[in-house]
Amino acid sequence: MRLSTSDPASFELPRPRPGPAGRLGGLRLVHPFPSALNAAAAGLIAVIAGADGVVAARLALAMLGLQFAIGTANDLADTARDRIGHPWKPIPAGLVRTRAAQIVFTLCAGSGMALAASVRVESLAVGAIGLADGLLYDLRLKGTPMSWLPFAAGVALLPVFAWVGATGSLPVVFFGIVPMALLAGAILATTNALADLESDRAADTASVATKLGRRRTLALNGLLLIALQVIAGVTSVAAKTSFAWLLAELAGAALGGLGFWLARSRDEHTARLAWEIQALGILVTGVGWLAGLASVGLLSGR
């Protein structure tokens, strides 16, 4: 991983020391929103699996540390590219030094792995695979048309991490749940690519959106989103889950649809908001779906 460049842009006059608002902006290094969302998902899924509050909290914090590490590695790897496409990010904006970011990565990765190990060896193993998957995205496949694959795989690993952390095993029905999580990850990968489309074009960076174009990427996102919601709804109705969990799925579908509508914007900030809303919608749908299946006993067996 290259953490510095020899181009003239690397040799700049020292920037003024940032004020409180600037230092707060440095928190973007760890990608707080998606990291917190993943942590919340891990904790909620662990509770659905039967974990007590302490175990669920440890798994959530472990996921938070691992996601902080992956987000920091992402910004370290993208420093040169971000000078062109995202100069407001913490490292190119001078809010966080490269050495400090490296220390943050080490501490977050180490604490995440330690917390995962404190629950079960199984959660440690899945957490290590998830960290490796995130680094594969950051250091090798981001900026390529295949970048969606580790992105989607990371989402698919999340329920596995939480469930094995809570129970030490996986029910057979997870052979159906993991593909659904992979589908959810593919949805978020395409929305993320749309949010970065213009900056990726400016930096001559390849992605699924730069290859397919805006309209086809948006159409793909919509089709995948519909497929996810239909499968979740049909299986929930067939399993006769309670109306409350069906309402949660509908609320998630509404948020996902709002995210899709906002993703049509060419404004990067609006498109980034679209990703966040769609991610929240998928979390609500997924938790409602899993909780509903668990409530009728479909997730209790091996």
# chains A, B, ... in the order shown; residues from 1 in each chain; ligands from 1
>>> residues_around(residues="Ala189 (chain A)", least_positions_apart="4", cutoff="10 Å", atoms="only C-alpha atoms", output="short mmCIF file (atom, residue, chain, number, x, y, z; two decimals) with C-alpha atoms, in the first residue's frame")
data_model
loop_
_atom_site.label_atom_id
_atom_site.label_comp_id
_atom_site.auth_asym_id
_atom_site.auth_seq_id
_atom_site.Cartn_x
_atom_site.Cartn_y
_atom_site.Cartn_z
CA SER A 147 -15.13 -3.56 -6.42
CA TRP A 148 -18.77 -4.47 -5.74
CA LEU A 149 -17.86 -8.08 -4.94
CA PRO A 150 -15.90 -7.64 -1.67
CA PHE A 151 -18.33 -4.85 -0.75
CA ALA A 152 -21.25 -7.26 -1.08
CA VAL A 155 -22.41 -7.32 4.07
CA LEU A 183 -27.92 -9.22 -2.54
CA ALA A 184 -28.23 -6.39 -0.02
CA GLY A 185 -24.50 -5.75 -0.31
CA ALA A 193 -20.71 3.69 -6.96
CA LEU A 194 -23.39 6.15 -8.09
CA ALA A 195 -22.46 8.55 -5.29
CA SER A 207 -16.20 1.22 -11.03
CA VAL A 208 -19.42 -0.57 -11.84
CA ALA A 209 -21.04 2.86 -12.35
CA ASN A 221 -29.94 -0.84 -8.23
CA TRP A 275 -26.67 5.72 0.04
#
>>> residues_around(residues="Phe174 (chain A)", least_positions_apart="5", cutoff="10 Å", atoms="only C-alpha atoms", output="tab-separated table (two decimals) with C-alpha atoms, in the first residue's frame")
chain	number	residue	atom	x	y	z
A	159	PRO	CA	-25.11	-11.73	9.98
A	160	VAL	CA	-22.77	-14.72	10.07
A	163	TRP	CA	-25.03	-15.24	14.74
A	179	PRO	CA	-27.41	-14.93	-0.34
A	180	MET	CA	-29.99	-12.35	0.75
A	299	LEU	CA	-33.84	-19.96	12.94
A	302	ARG	CA	-29.06	-26.43	12.95
>>> atom_distance(atom1="CA of Gly53 (chain A)", atom2="CA of Ala166 (chain A)")
10.5 Å
>>> atom_distance(atom1="CA of Leu66 (chain A)", atom2="CA of Ala128 (chain A)")
8.9 Å
>>> select_by_dssp(residues="region 143-186 of chain A", states="helix (DSSP H, G or I)", output="ChimeraX atom specification")
/A:148-167,174-186
>>> residues_around(residues="Leu29 (chain A)", least_positions_apart="4", cutoff="8 Å", atoms="only C-alpha atoms", output="VMD selection string")
chain A and resid 71 to 72 75 89 to 91 96 101
>>> closest_residue(among="A:Ala73, A:Ala49, A:Met146, A:Leu182", to="Leu298 (chain A)", atoms="only C-alpha atoms")
A:Ala49
>>> atom_distance(atom1="CA of Leu283 (chain A)", atom2="CA of Gly165 (chain A)")
18.9 Å
>>> residues_around(residues="region 30-40 of chain A", least_positions_apart="5", cutoff="7 Å", atoms="only C-alpha atoms", output="list in words")
Ala60, Leu61, Met63, Leu64, Gln67, Phe68, Ala69, Gly71 and Thr72 of chain A
>>> closest_residue(among="A:Ala56, A:Ala263, A:Ile177, A:Ala51", to="Leu115 (chain A)", atoms="only C-alpha atoms")
A:Ala56
>>> closest_residue(among="A:Leu157, A:Ala253, A:Gly292, A:His86", to="His269 (chain A)", atoms="only C-alpha atoms")
A:His86
>>> closest_residue(among="A:Leu273, A:Val119, A:Leu124, A:Val230", to="Val54 (chain A)", atoms="only C-alpha atoms")
A:Val119
>>> closest_residue(among="A:Ala41, A:Ala109, A:Ala100, A:Ala80", to="Gly65 (chain A)", atoms="only C-alpha atoms")
A:Ala109
>>> closest_residue(among="A:Ala62, A:Leu218, A:Glu268, A:Ala153", to="Gly110 (chain A)", atoms="only C-alpha atoms")
A:Ala62
>>> residues_around(residues="Glu249 (chain A)", least_positions_apart="5", cutoff="9 Å", atoms="only C-alpha atoms", output="ChimeraX atom specification")
/A:229,232-233,244,254,281-282,284-289
